[in-house]
2 protein chains.
Amino acid sequence: VSELRLLDDRRTLPIGVFDSGVGGLTVLHELLVWLPHEDFVYLGDTARFPYGERSPFELERFAIQIADALLVRGAKLLVVACNAATAAALPALETHLAGAAPGLTVVGVVDPGCRLAAKATRNGRVGLLGTTATVSSGAYDRGLQAHAEALELVSVACPDLAPIVQAGFPFDRRVVDTARAYCRPLQAAAVDTVILGCTHYPLVAPMLQRSLGPSVRLIAAGAAVASEVQGVLDRDGLANRQGGEGRYRFLCTGDVAGFRELGTRFLQMPLEDVQHVDLDAEMAA
Amino acid sequence: VSELRLLDDRRTLPIGVFDSGVGGLTVLHELLVWLPHEDFVYLGDTARFPYGERSPFELERFAIQIADALLVRGAKLLVVACNAATAAALPALETHLAGAAPGLTVVGVVDPGCRLAAKATRNGRVGLLGTTATVSSGAYDRGLQAHAEALELVSVACPDLAPIVQAGFPFDRRVVDTARAYCRPLQAAAVDTVILGCTHYPLVAPMLQRSLGPSVRLIAAGAAVASEVQGVLDRDGLANRQGGEGRYRFLCTGDVAGFRELGTRFLQMPLEDVQHVDLDAEMAA
């Protein structure tokens with residue numbers, strides 16, 4: 001009886017989601033569509049944004065620190081809603097969690113994107129737009145290889161694109177020209193499928209689609225991530241059985257008002273419960 | 001020779017697109033994706049926004065007035081990027097153009113949406129979110145019937161939704177609750193496909209998708225409209241053969257600065273050339 005009771009309690013716990021900023025809200029959106037009865041706690045590490053230029057060592061440290069902060073807040077499952085952190089830190093994070101929270105699953109955004117892209121391409125040439133950290137990790141080369149050996153991947157590092165989105169992108173000529181320059185090598189390589197390899201990029205999908213043209217299919221992993229999370233919850237008997245809509249809370253390491261304003265705009269939902277969190281102080285405590 | 005020369009000249013003319021406000025930019029976006037070499041002139045009748053509560057008589061008058069303004073500016077084809085104007089005024093507009101500009105094609109947004117919805121539904125129950133004018137016109141009932149007789153259409157008039165978007169939607173609790181209330185009858189009717197029956201609505205598709213859940217497919221007609229326009233240009237030998245990117249200009253009947261700011265955000269592209277136009281003065285001239 002007490003084990004059943006514990007299981008029942010775990011079901012009502014929130015799902016933890018994190019990113020360097022507001023980009024992960026594109027993944028959270030899909031989670032809200034697919035899993036409306038779940039509670040969520042989202043952490044945006046805005047004080048250390050952007051992750052895209054960080055070293056693998058730093059990203060491992062950040063990811064583990066944030067995972068611990070989300071575990072303290074009762075997360076029953078973790079979603080790394082950041083491609084750079086997934087690409088650099090998912091193995092280290094899994095190792096850490098095997099000790100810190102045995103049985104807890106962590107879902108990243110790289111493999112679902114690879115699966116979708118491998119399925120979508122018809123000519124076998126796939127493009128990747130990502131941050132410098134994501135591209136140089138080689139995670140997408142390995143991930144695509146696992147789904148279809150013969151695919152050719154053309155990767156473009158886009159150091160300026162996530163910061164443009166995170167800044168609330170006033171779309172001026174410079175922004176459009178920057179996006180176009182990133183897309184040019186993909187057009188030259190005649191890819192028919194482009195992975196949006198940063199969770200910020202779906203927010204500028206219209207601009208990218210215009211640069212790439214109508215015959216290129218853009219791949220955002222959010223819905224596939226949500227579907228994978230649903231599968232894990234079902235498998236582990238962890239789905240929340242509450243009838244109503246879940247509760248959502250937000251944590252950020254930087255400016256709360258800025259996060260609330262931008263997040264509300266991007267998620268198309270008022271971010272009511274946003275709190276500042278000091279990860280270093282929590283670690284020390 | 002002179003006839004060939006004339007045809008060649010017509011190819012370089014712009015495509016005219018109009019809406020009551022910025023919603024039609026969701027259609028223009030698809031036109032830019034599909035037809036990057038075309039020039040466009042877009043007119044937003046912001047001074048008389050919203051169209052959704054206007055009478056059929058008013059909408060016919062507005063549509064004809066705007067068509068004339070776009071013809072004066074050399075439009076070689078017209079796109080009515082507004083569901084209310086298409087639903088109420090397309091036949092009158094076609095009659096007017098048969099006299100004013102014989103051979104000029106006008107493309108609306110209702111039939112492409114009906115075609116997509118008829119193709120998408122699996123259970124035969126289709127929902128429509130639209131303005132009061134669009135819903136009460138019965139245009140979608142007739143349009144769906146033409147594509148598949150056995151379909152059931154559940155229509156919901158959403159008088160507040162386009163004004164929320166046109167106001168730049170700060171997403172507060174009231175906005176989310178309003179959208180949810182509009183979606184509730186569609187959920188009760190177990191529709192599996194929902195037509196976004198106003199060109200403003202794709203801009204709040206994430207919010208609507210969360211209200212409707214993952215199993216409901218949202219239908220925006222933009223891409224199908226662009227494909228239809230492409231077909232007309234090819235058929236009539238009117239496609240622009242310029243190598244580079246087309247030029248875009250914008251006209252609005254209301255505040256220029258507000259249109260530029262909102263339009264830049266929604267189109268994800270700087271609206272550089274925006275001019276005020278006084279339609280009544282043009283008519284009188």
# chains A, B, ... in the order shown; residues from 1 in each chain; ligands from 1
call {"tool": "interface_residues", "arguments": {"of": "chain B", "to": "chain A", "cutoff": "6 Å", "atoms": "only C-alpha atoms", "output": "PyMOL selection string"}}
result
chain B and resi 33-34+171-172+207+210+213-214+268-270
call {"tool": "residues_around", "arguments": {"residues": "Tyr140 of chain A", "least_positions_apart": "2", "cutoff": "7 Å", "atoms": "only C-alpha atoms", "output": "PyMOL selection string"}}
result
chain A and resi 110+114+138+142-144
call {"tool": "select_by_dssp", "arguments": {"residues": "segment 68-215 of chain A", "states": "helix (DSSP H, G or I)", "output": "PyMOL selection string"}}
result
chain A and resi 68-72+83-100+110-120+132-137+139-147+161-166+173-188+201-212
call {"tool": "atom_distance", "arguments": {"atom1": "atom CA of Asp280 of chain A", "atom2": "atom CA of Thr46 of chain A"}}
result
13.9 Å
